[in-house]
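Asks: mmCIF, C-alpha atoms and all ligand atoms, file protein-v5.cif:
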data_run
#
loop_
_atom_site.label_atom_id
_atom_site.label_comp_id
_atom_site.auth_asym_id
_atom_site.auth_seq_id
_atom_site.Cartn_x
_atom_site.Cartn_y
_atom_site.Cartn_z
CA MET A 1 -204.26 -140.24 0.58
CA ALA A 2 -200.55 -139.44 0.17
CA THR A 3 -198.87 -140.50 -3.09
CA PRO A 4 -197.49 -144.01 -2.56
CA LEU A 5 -193.72 -144.32 -2.83
CA LEU A 6 -194.21 -147.04 -5.46
CA ALA A 7 -197.29 -147.58 -7.59
CA VAL A 8 -197.54 -150.39 -10.13
CA GLU A 9 -200.62 -150.15 -12.34
CA ARG A 10 -201.93 -152.96 -14.55
CA LEU A 11 -198.48 -154.18 -15.47
CA SER A 12 -198.31 -156.98 -18.05
CA LYS A 13 -195.33 -158.97 -19.30
CA SER A 14 -195.20 -161.93 -21.69
CA PHE A 15 -192.31 -164.20 -22.62
CA SER A 16 -192.90 -165.36 -26.22
CA GLY A 17 -196.65 -165.63 -25.74
CA PHE A 18 -196.55 -166.86 -22.13
CA HIS A 19 -198.28 -164.34 -19.85
CA ALA A 20 -195.96 -164.10 -16.85
CA LEU A 21 -197.78 -161.01 -15.51
CA GLN A 22 -201.28 -159.83 -16.41
CA ASP A 23 -202.60 -156.48 -15.20
CA VAL A 24 -200.76 -156.64 -11.89
CA SER A 25 -201.22 -153.62 -9.63
CA LEU A 26 -199.79 -152.83 -6.23
CA GLU A 27 -198.89 -149.88 -4.04
CA VAL A 28 -196.18 -149.40 -1.46
CA ALA A 29 -196.64 -146.56 1.02
CA GLU A 30 -193.61 -144.68 2.25
CA ARG A 31 -192.03 -146.25 5.37
CA SER A 32 -194.05 -149.43 5.06
CA ILE A 33 -192.87 -153.02 4.81
CA VAL A 34 -194.85 -154.75 2.10
CA GLY A 35 -194.75 -158.45 1.27
CA LEU A 36 -195.18 -160.01 -2.16
CA VAL A 37 -196.09 -163.69 -1.98
CA GLY A 38 -197.47 -166.44 -4.19
CA PRO A 39 -196.61 -169.92 -5.46
CA ASN A 40 -193.39 -170.61 -7.36
CA GLY A 41 -193.50 -169.30 -10.90
CA CYS A 42 -196.38 -166.87 -10.29
CA GLY A 43 -194.31 -163.90 -11.51
CA LYS A 44 -192.84 -162.32 -8.38
CA SER A 45 -189.24 -162.04 -9.57
CA THR A 46 -190.45 -160.96 -13.01
CA LEU A 47 -192.37 -158.13 -11.36
CA PHE A 48 -189.19 -157.07 -9.51
CA ASN A 49 -187.27 -157.17 -12.80
CA CYS A 50 -189.85 -154.99 -14.54
CA VAL A 51 -190.14 -152.47 -11.70
CA SER A 52 -186.36 -152.09 -11.23
CA GLY A 53 -185.66 -151.66 -14.95
CA PHE A 54 -183.94 -155.00 -15.57
CA LEU A 55 -186.71 -156.20 -17.92
CA PRO A 56 -188.91 -154.24 -20.35
CA PHE A 57 -192.64 -154.84 -19.93
CA ASP A 58 -195.52 -154.83 -22.41
CA SER A 59 -198.04 -152.51 -20.83
CA GLY A 60 -198.94 -150.78 -17.59
CA GLN A 61 -197.25 -148.13 -15.52
CA VAL A 62 -194.68 -147.93 -12.77
CA ARG A 63 -194.44 -144.75 -10.70
CA PHE A 64 -191.87 -143.98 -8.07
CA ARG A 65 -192.73 -140.94 -5.95
CA GLY A 66 -195.33 -140.16 -8.58
CA GLU A 67 -192.74 -140.11 -11.38
CA GLN A 68 -192.98 -142.55 -14.30
CA ILE A 69 -189.99 -144.88 -14.17
CA GLY A 70 -191.20 -147.56 -16.61
CA GLY A 71 -188.54 -148.10 -19.29
CA MET A 72 -185.76 -146.35 -17.39
CA ALA A 73 -182.39 -148.09 -17.07
CA PRO A 74 -181.71 -149.82 -13.72
CA HIS A 75 -178.91 -147.43 -12.73
CA ARG A 76 -181.19 -144.41 -13.26
CA ILE A 77 -183.90 -146.01 -11.17
CA ALA A 78 -181.34 -146.85 -8.50
CA ARG A 79 -180.18 -143.25 -8.46
CA LEU A 80 -183.77 -142.13 -7.86
CA GLY A 81 -183.73 -144.29 -4.74
CA LEU A 82 -185.06 -147.72 -5.69
CA VAL A 83 -182.71 -150.71 -5.39
CA ARG A 84 -183.30 -154.44 -5.41
CA THR A 85 -181.45 -157.59 -4.51
CA PHE A 86 -181.45 -160.71 -6.66
CA GLN A 87 -182.74 -164.13 -5.66
CA ASN A 88 -179.21 -165.53 -6.01
CA GLY A 89 -177.11 -162.99 -4.18
CA HIS A 90 -174.61 -161.31 -6.55
CA ALA A 91 -172.03 -160.35 -3.93
CA THR A 92 -168.52 -160.43 -5.36
CA LYS A 93 -167.14 -163.56 -3.76
CA ARG A 94 -163.46 -162.67 -4.06
CA MET A 95 -163.79 -159.34 -2.32
CA THR A 96 -164.16 -158.98 1.40
CA VAL A 97 -167.46 -158.27 3.10
CA LEU A 98 -166.34 -154.71 3.79
CA GLU A 99 -165.22 -154.17 0.18
CA ASN A 100 -168.57 -155.45 -1.03
CA MET A 101 -170.32 -152.94 1.22
CA LEU A 102 -168.17 -150.04 0.00
CA MET A 103 -168.76 -151.06 -3.58
CA ALA A 104 -172.48 -150.73 -3.14
CA ALA A 105 -172.18 -147.22 -1.72
CA ALA A 106 -174.21 -144.21 -2.81
CA GLY A 107 -174.91 -143.66 -6.46
CA GLN A 108 -174.14 -147.21 -7.52
CA THR A 109 -176.44 -150.14 -7.89
CA GLY A 110 -173.60 -152.40 -6.79
CA GLU A 111 -175.26 -155.30 -8.54
CA LEU A 112 -173.12 -155.85 -11.65
CA PRO A 113 -169.92 -157.60 -10.54
CA LEU A 114 -167.86 -156.85 -13.67
CA GLN A 115 -168.60 -153.13 -13.69
CA ALA A 116 -168.03 -153.08 -9.98
CA LEU A 117 -164.57 -154.62 -10.36
CA LEU A 118 -163.66 -151.99 -12.94
CA ARG A 119 -164.69 -149.33 -10.49
CA ARG A 120 -162.63 -150.82 -7.70
CA ALA A 121 -159.84 -148.23 -7.96
CA ALA A 122 -162.27 -145.32 -7.85
CA ILE A 123 -164.02 -146.93 -4.94
CA ARG A 124 -160.84 -147.03 -2.88
CA THR A 125 -160.66 -143.23 -2.88
CA GLN A 126 -164.19 -142.94 -1.49
CA GLN A 127 -163.49 -145.52 1.13
CA THR A 128 -162.75 -143.25 4.03
CA ALA A 129 -166.02 -141.39 3.68
CA GLN A 130 -168.11 -144.54 3.49
CA LEU A 131 -166.12 -146.67 5.88
CA GLY A 132 -167.86 -145.49 9.02
CA ARG A 133 -171.27 -146.10 7.57
CA ALA A 134 -170.35 -149.52 6.26
CA ARG A 135 -169.04 -150.56 9.67
CA GLU A 136 -172.18 -149.27 11.36
CA ILE A 137 -174.44 -151.28 9.06
CA LEU A 138 -172.28 -154.39 9.44
CA GLU A 139 -172.60 -153.98 13.20
CA THR A 140 -176.41 -153.84 12.95
CA LEU A 141 -176.35 -156.94 10.77
CA LYS A 142 -173.97 -158.72 13.16
CA LEU A 143 -171.38 -159.11 10.40
CA THR A 144 -168.54 -157.17 12.07
CA ARG A 145 -166.72 -160.37 12.91
CA VAL A 146 -166.52 -161.36 9.24
CA ALA A 147 -165.93 -157.88 7.78
CA ASN A 148 -162.52 -158.88 6.39
CA GLU A 149 -163.50 -162.36 5.19
CA TYR A 150 -164.05 -163.01 1.50
CA ALA A 151 -167.78 -162.83 0.80
CA GLY A 152 -167.49 -166.27 -0.83
CA ASN A 153 -166.59 -167.77 2.55
CA LEU A 154 -169.77 -166.63 4.31
CA SER A 155 -172.60 -168.98 5.25
CA GLY A 156 -175.80 -168.81 3.21
CA GLY A 157 -177.49 -166.78 5.93
CA GLN A 158 -174.62 -164.33 6.20
CA GLN A 159 -174.66 -163.86 2.39
CA LYS A 160 -178.32 -162.87 2.68
CA LEU A 161 -177.48 -160.36 5.39
CA LEU A 162 -174.70 -158.97 3.21
CA ALA A 163 -177.17 -158.55 0.33
CA LEU A 164 -179.40 -156.54 2.67
CA GLY A 165 -176.40 -154.53 3.87
CA ARG A 166 -175.35 -153.68 0.33
CA ALA A 167 -178.87 -152.55 -0.52
CA VAL A 168 -178.85 -150.32 2.57
CA MET A 169 -175.43 -148.88 1.60
CA CYS A 170 -176.92 -147.69 -1.71
CA ASP A 171 -178.80 -145.07 0.24
CA ALA A 172 -182.05 -146.10 -1.41
CA ASP A 173 -185.44 -145.17 -0.01
CA LEU A 174 -187.13 -148.27 -1.38
CA ILE A 175 -185.32 -151.58 -0.94
CA MET A 176 -186.74 -154.56 -2.81
CA LEU A 177 -185.58 -157.92 -1.45
CA ASP A 178 -186.07 -161.13 -3.44
CA GLU A 179 -186.40 -164.04 -0.98
CA PRO A 180 -184.04 -162.63 1.62
CA ALA A 181 -184.69 -165.43 4.11
CA ALA A 182 -184.56 -168.45 1.80
CA GLY A 183 -182.10 -170.96 3.26
CA VAL A 184 -181.56 -168.91 6.40
CA ASN A 185 -181.93 -170.66 9.76
CA PRO A 186 -185.00 -169.71 11.87
CA THR A 187 -183.03 -167.83 14.54
CA LEU A 188 -181.35 -165.67 11.93
CA VAL A 189 -184.69 -165.14 10.17
CA ARG A 190 -186.09 -163.63 13.38
CA GLU A 191 -183.07 -161.34 13.64
CA PHE A 192 -183.36 -160.45 9.99
CA VAL A 193 -186.99 -159.40 10.53
CA SER A 194 -186.05 -157.19 13.47
CA MET A 195 -183.22 -155.61 11.45
CA VAL A 196 -185.60 -154.78 8.60
CA ARG A 197 -188.08 -153.22 11.04
CA ASP A 198 -185.24 -151.32 12.68
CA LEU A 199 -184.08 -149.92 9.34
CA ARG A 200 -187.60 -148.77 8.64
CA ASP A 201 -188.07 -147.19 12.06
CA ARG A 202 -184.66 -145.57 12.43
CA SER A 203 -183.55 -144.90 8.85
CA ALA A 204 -186.96 -144.28 7.24
CA LYS A 205 -186.48 -147.09 4.73
CA THR A 206 -189.36 -148.66 2.80
CA PHE A 207 -189.33 -152.34 1.86
CA LEU A 208 -190.99 -154.55 -0.73
CA ILE A 209 -190.13 -158.15 0.06
CA ILE A 210 -190.69 -161.39 -1.84
CA GLU A 211 -190.75 -164.21 0.69
CA HIS A 212 -192.16 -167.71 1.05
CA ASP A 213 -191.70 -167.97 4.78
CA MET A 214 -195.07 -166.99 6.27
CA LYS A 215 -193.45 -166.41 9.68
CA PHE A 216 -191.21 -163.83 8.03
CA ILE A 217 -194.19 -162.20 6.32
CA SER A 218 -196.36 -162.03 9.44
CA GLY A 219 -193.45 -160.86 11.58
CA ALA A 220 -192.17 -158.20 9.22
CA CYS A 221 -194.89 -156.94 6.91
CA ASP A 222 -197.62 -154.34 7.38
CA HIS A 223 -199.35 -155.30 4.16
CA VAL A 224 -199.18 -158.21 1.74
CA PHE A 225 -200.00 -158.66 -1.95
CA VAL A 226 -200.65 -162.20 -3.14
CA LEU A 227 -200.09 -163.17 -6.78
CA SER A 228 -201.29 -166.32 -8.46
CA ALA A 229 -200.44 -167.32 -12.04
CA GLY A 230 -199.33 -163.83 -12.96
CA ARG A 231 -202.37 -162.02 -11.57
CA ASN A 232 -203.35 -160.22 -8.37
CA LEU A 233 -205.15 -162.72 -6.15
CA SER A 234 -205.66 -160.83 -2.90
CA SER A 235 -204.14 -158.25 -0.58
CA GLY A 236 -204.43 -157.17 3.02
CA THR A 237 -202.69 -157.52 6.37
CA PRO A 238 -200.71 -160.73 6.96
CA ALA A 239 -203.45 -161.89 9.38
CA GLN A 240 -206.16 -161.29 6.76
CA MET A 241 -204.15 -163.17 4.14
CA GLN A 242 -203.66 -166.15 6.41
CA ARG A 243 -207.41 -166.68 6.65
CA ASP A 244 -208.33 -165.65 3.11
CA PRO A 245 -209.88 -168.75 1.46
CA ARG A 246 -208.47 -167.82 -1.97
CA VAL A 247 -204.97 -167.52 -0.53
CA LEU A 248 -205.29 -170.75 1.45
CA GLU A 249 -206.40 -172.51 -1.70
CA VAL A 250 -203.31 -171.57 -3.74
CA TYR A 251 -201.01 -172.35 -0.82
CA LEU A 252 -202.60 -175.50 0.54
CA GLY A 253 -204.78 -176.70 -2.29
CA LYS A 254 -202.00 -178.34 -4.28
P1 LIG B 1 -191.49 -166.43 -9.15
O1 LIG B 1 -190.41 -165.47 -8.83
O2 LIG B 1 -192.84 -166.01 -8.64
O3 LIG B 1 -191.17 -167.83 -8.71
P2 LIG B 1 -190.79 -165.81 -11.89
O4 LIG B 1 -191.15 -164.39 -12.01
O5 LIG B 1 -189.36 -166.16 -11.75
O6 LIG B 1 -191.66 -166.50 -10.75
O7 LIG B 1 -191.33 -166.57 -13.18
C1 LIG B 1 -192.67 -166.42 -13.62
C2 LIG B 1 -192.87 -167.25 -14.89
O8 LIG B 1 -192.20 -166.62 -15.97
C3 LIG B 1 -192.31 -168.66 -14.80
O9 LIG B 1 -193.16 -169.53 -15.50
C4 LIG B 1 -190.97 -168.54 -15.47
O10 LIG B 1 -190.59 -169.76 -16.04
C5 LIG B 1 -191.23 -167.49 -16.53
N1 LIG B 1 -190.03 -166.70 -16.83
C6 LIG B 1 -189.35 -165.92 -15.97
N2 LIG B 1 -188.33 -165.30 -16.57
C7 LIG B 1 -188.35 -165.72 -17.86
C8 LIG B 1 -187.54 -165.45 -19.02
N3 LIG B 1 -186.50 -164.60 -18.95
N4 LIG B 1 -187.87 -166.05 -20.18
C9 LIG B 1 -188.93 -166.90 -20.26
N5 LIG B 1 -189.74 -167.19 -19.21
C10 LIG B 1 -189.46 -166.62 -18.04
MG MG B 2 -188.56 -165.73 -7.86
#
Just give me the structure as structure tokens.
Ligand code: ADP
Ligand code: MG
Replies:
Amino acid sequence: MATPLLAVERLSKSFSGFHALQDVSLEVAERSIVGLVGPNGCGKSTLFNCVSGFLPFDSGQVRFRGEQIGGMAPHRIARLGLVRTFQNGHATKRMTVLENMLMAAAGQTGELPLQALLRRAAIRTQQTAQLGRAREILETLKLTRVANEYAGNLSGGQQKLLALGRAVMCDADLIMLDEPAAGVNPTLVREFVSMVRDLRDRSAKTFLIIEHDMKFISGACDHVFVLSAGRNLSSGTPAQMQRDPRVLEVYLGK
């Protein structure tokens, strides 16, 4: 089998004695769309933080294209081609949608607002080169109409689309999305799913997506990993997961 783009092996992370993650393993094949699901507090965002370098972990391994990335700083990991969005957005509200897109452009994680503001002058000089790409992505995401609005004025759903757009602007191969559809209306969720699949098909992107919305998961994902209380519970296709008794129990049994 080909080396997976991302391989997490027996990763563990405690917060002052509380085991948030215990021996969690998962693999993401290149050009796949993989879902990560599980009840609130089961460790999904913590796993994203550990994999993307935002949190140190206690034991286990993280490999990206076969290379050990555990312990690397987030910007180094981003430069290797792995970027993530945060559960609560992080777009710079007092910059326009287009400026936010340009800020996220190649070689930058685009996720630390203060650093990003300091870089604003430098970013202006790169603008011309990136402008075409930014406009193209905004078009795909149906955000052209609001390109010159302040990001802070966007609807919740549009903010989510902007987060996806900024991740795509980073030129990453693996895009990790933390609850991209939370608070987004069902019509937009369907569009969001088709945009993600489009990006995979046409731009060879790979996705790892945390999402509660089972419609999103079954519509978008090729494979799903289910966590429960910080451990691997099950994995398989979305259809398999929806009839897996262990999965049904953690979702419906409470
Ligand atoms: P999920 O994203 O699956 O809802 P999280 O990964 O955010 O869950 O959290 C998993 C568990 O770890 C929760 O019990 C949460 O309270 C705890 N946790 C997360 N981050 C921290 C932190 N920085 N310090 C202490 N506990 C944390
Ligand atoms: Mg979370």
Asks: Contacts of Arg231 (chain A) at 10 Å or less, counting only C-alpha atoms, minus same-chain residues fewer than 5 places along, as number ranges by chain?
Replies: A: 10-12, 19-25, 38, 42-43, 226
Asks: Chain A near ligand LIG 1 (chain B) within 9 Å: what's each residue's closest atom pair and its distance in Å to one decimal, counting all atoms listed in the file, ordered by chain then ascending residue number, as JSON lines?
Replies:
{"residue": "A:Lys13", "atom": "CA", "partner": "B:LIG1", "partner_atom": "O8", "distance": 8.9}
{"residue": "A:Ser14", "atom": "CA", "partner": "B:LIG1", "partner_atom": "N5", "distance": 8.0}
{"residue": "A:Phe15", "atom": "CA", "partner": "B:LIG1", "partner_atom": "C9", "distance": 4.9}
{"residue": "A:Ser16", "atom": "CA", "partner": "B:LIG1", "partner_atom": "C9", "distance": 7.3}
{"residue": "A:Phe18", "atom": "CA", "partner": "B:LIG1", "partner_atom": "N5", "distance": 7.4}
{"residue": "A:His19", "atom": "CA", "partner": "B:LIG1", "partner_atom": "O8", "distance": 7.6}
{"residue": "A:Ala20", "atom": "CA", "partner": "B:LIG1", "partner_atom": "O8", "distance": 4.6}
{"residue": "A:Leu21", "atom": "CA", "partner": "B:LIG1", "partner_atom": "C1", "distance": 7.7}
{"residue": "A:Val37", "atom": "CA", "partner": "B:LIG1", "partner_atom": "O2", "distance": 7.8}
{"residue": "A:Gly38", "atom": "CA", "partner": "B:LIG1", "partner_atom": "O2", "distance": 6.4}
{"residue": "A:Pro39", "atom": "CA", "partner": "B:LIG1", "partner_atom": "O2", "distance": 6.3}
{"residue": "A:Asn40", "atom": "CA", "partner": "B:LIG1", "partner_atom": "O3", "distance": 3.8}
{"residue": "A:Gly41", "atom": "CA", "partner": "B:LIG1", "partner_atom": "O6", "distance": 3.4}
{"residue": "A:Cys42", "atom": "CA", "partner": "B:LIG1", "partner_atom": "O2", "distance": 4.0}
{"residue": "A:Gly43", "atom": "CA", "partner": "B:LIG1", "partner_atom": "O4", "distance": 3.2}
{"residue": "A:Lys44", "atom": "CA", "partner": "B:LIG1", "partner_atom": "O2", "distance": 3.7}
{"residue": "A:Ser45", "atom": "CA", "partner": "B:LIG1", "partner_atom": "O1", "distance": 3.7}
{"residue": "A:Thr46", "atom": "CA", "partner": "B:LIG1", "partner_atom": "O4", "distance": 3.6}
{"residue": "A:Leu47", "atom": "CA", "partner": "B:LIG1", "partner_atom": "O4", "distance": 6.4}
{"residue": "A:Phe48", "atom": "CA", "partner": "B:LIG1", "partner_atom": "O4", "distance": 8.0}
{"residue": "A:Asn49", "atom": "CA", "partner": "B:LIG1", "partner_atom": "O4", "distance": 8.2}
{"residue": "A:Leu55", "atom": "CA", "partner": "B:LIG1", "partner_atom": "N3", "distance": 8.5}
{"residue": "A:Gln87", "atom": "CA", "partner": "B:LIG1", "partner_atom": "O1", "distance": 8.4}
{"residue": "A:Asp178", "atom": "CA", "partner": "B:LIG1", "partner_atom": "O1", "distance": 8.2}
{"residue": "A:Glu179", "atom": "CA", "partner": "B:LIG1", "partner_atom": "O1", "distance": 8.9}
{"residue": "A:Ile210", "atom": "CA", "partner": "B:LIG1", "partner_atom": "O1", "distance": 8.1}
{"residue": "A:Leu227", "atom": "CA", "partner": "B:LIG1", "partner_atom": "O2", "distance": 8.0}
{"residue": "A:Ser228", "atom": "CA", "partner": "B:LIG1", "partner_atom": "O2", "distance": 8.5}
{"residue": "A:Ala229", "atom": "CA", "partner": "B:LIG1", "partner_atom": "C1", "distance": 8.0}
{"residue": "A:Gly230", "atom": "CA", "partner": "B:LIG1", "partner_atom": "C1", "distance": 7.2}
Asks: When you draw a straight line from CA of Gln61 (chain A) to CA of Thr237 (chain A), how long is it in Å?
Replies: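 For CA of Gln61 (chain A) relative to CA of Thr237 (chain A), the distance reads 24.4 Å.
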Asks: Counting only C-alpha atoms and all ligand atoms, which of A:Thr140, A:Asn100, A:Thr85, A:Gln68 gets nearest to ligand MG 2 (chain B)?
Replies: A:Thr85
Asks: In terms of the shortest atom-to-atom distance over all atoms listed in the file, which of A:Leu162, A:Met195, A:Val34, A:Leu6 is closest to Pro238 (chain A)?
Replies: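 Closest to Pro238 (chain A) of all the choices is A:Val34.
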Asks: Taking only C-alpha atoms into account, name the residue in A:Leu141, A:Ala204, A:Ala172, A:Val62 that is nearest to Leu188 (chain A).
Replies: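 Closest to Leu188 (chain A), using only C-alpha atoms: A:Leu141.
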Asks: Regenerate region 238-249 of chain A at the level of N, CA and C atoms and dump it as a PDB file, in the frame of the given file.
Replies:
ATOM      1  N   PRO A 238    -201.108-159.320   6.918  1.00  0.00           N
ATOM      2  CA  PRO A 238    -200.710-160.730   6.960  1.00  0.00           C
ATOM      3  C   PRO A 238    -201.782-161.600   7.618  1.00  0.00           C
ATOM      4  N   ALA A 239    -202.415-161.106   8.687  1.00  0.00           N
ATOM      5  CA  ALA A 239    -203.450-161.890   9.380  1.00  0.00           C
ATOM      6  C   ALA A 239    -204.634-162.146   8.447  1.00  0.00           C
ATOM      7  N   GLN A 240    -205.048-161.120   7.714  1.00  0.00           N
ATOM      8  CA  GLN A 240    -206.160-161.290   6.760  1.00  0.00           C
ATOM      9  C   GLN A 240    -205.808-162.322   5.688  1.00  0.00           C
ATOM     10  N   MET A 241    -204.557-162.247   5.210  1.00  0.00           N
ATOM     11  CA  MET A 241    -204.150-163.170   4.140  1.00  0.00           C
ATOM     12  C   MET A 241    -204.129-164.609   4.616  1.00  0.00           C
ATOM     13  N   GLN A 242    -203.763-164.790   5.893  1.00  0.00           N
ATOM     14  CA  GLN A 242    -203.660-166.150   6.410  1.00  0.00           C
ATOM     15  C   GLN A 242    -205.011-166.818   6.623  1.00  0.00           C
ATOM     16  N   ARG A 243    -206.094-166.033   6.571  1.00  0.00           N
ATOM     17  CA  ARG A 243    -207.410-166.680   6.650  1.00  0.00           C
ATOM     18  C   ARG A 243    -208.275-166.381   5.423  1.00  0.00           C
ATOM     19  N   ASP A 244    -207.615-165.905   4.351  1.00  0.00           N
ATOM     20  CA  ASP A 244    -208.330-165.650   3.110  1.00  0.00           C
ATOM     21  C   ASP A 244    -208.443-166.970   2.341  1.00  0.00           C
ATOM     22  N   PRO A 245    -209.691-167.440   2.104  1.00  0.00           N
ATOM     23  CA  PRO A 245    -209.880-168.750   1.460  1.00  0.00           C
ATOM     24  C   PRO A 245    -209.149-168.851   0.106  1.00  0.00           C
ATOM     25  N   ARG A 246    -209.133-167.755  -0.659  1.00  0.00           N
ATOM     26  CA  ARG A 246    -208.470-167.820  -1.970  1.00  0.00           C
ATOM     27  C   ARG A 246    -206.966-168.038  -1.811  1.00  0.00           C
ATOM     28  N   VAL A 247    -206.406-167.379  -0.773  1.00  0.00           N
ATOM     29  CA  VAL A 247    -204.970-167.520  -0.530  1.00  0.00           C
ATOM     30  C   VAL A 247    -204.667-168.926  -0.022  1.00  0.00           C
ATOM     31  N   LEU A 248    -205.499-169.393   0.915  1.00  0.00           N
ATOM     32  CA  LEU A 248    -205.290-170.750   1.450  1.00  0.00           C
ATOM     33  C   LEU A 248    -205.358-171.781   0.341  1.00  0.00           C
ATOM     34  N   GLU A 249    -206.247-171.550  -0.615  1.00  0.00           N
ATOM     35  CA  GLU A 249    -206.400-172.510  -1.700  1.00  0.00           C
ATOM     36  C   GLU A 249    -205.126-172.608  -2.541  1.00  0.00           C
TER      37      GLU A 249
END
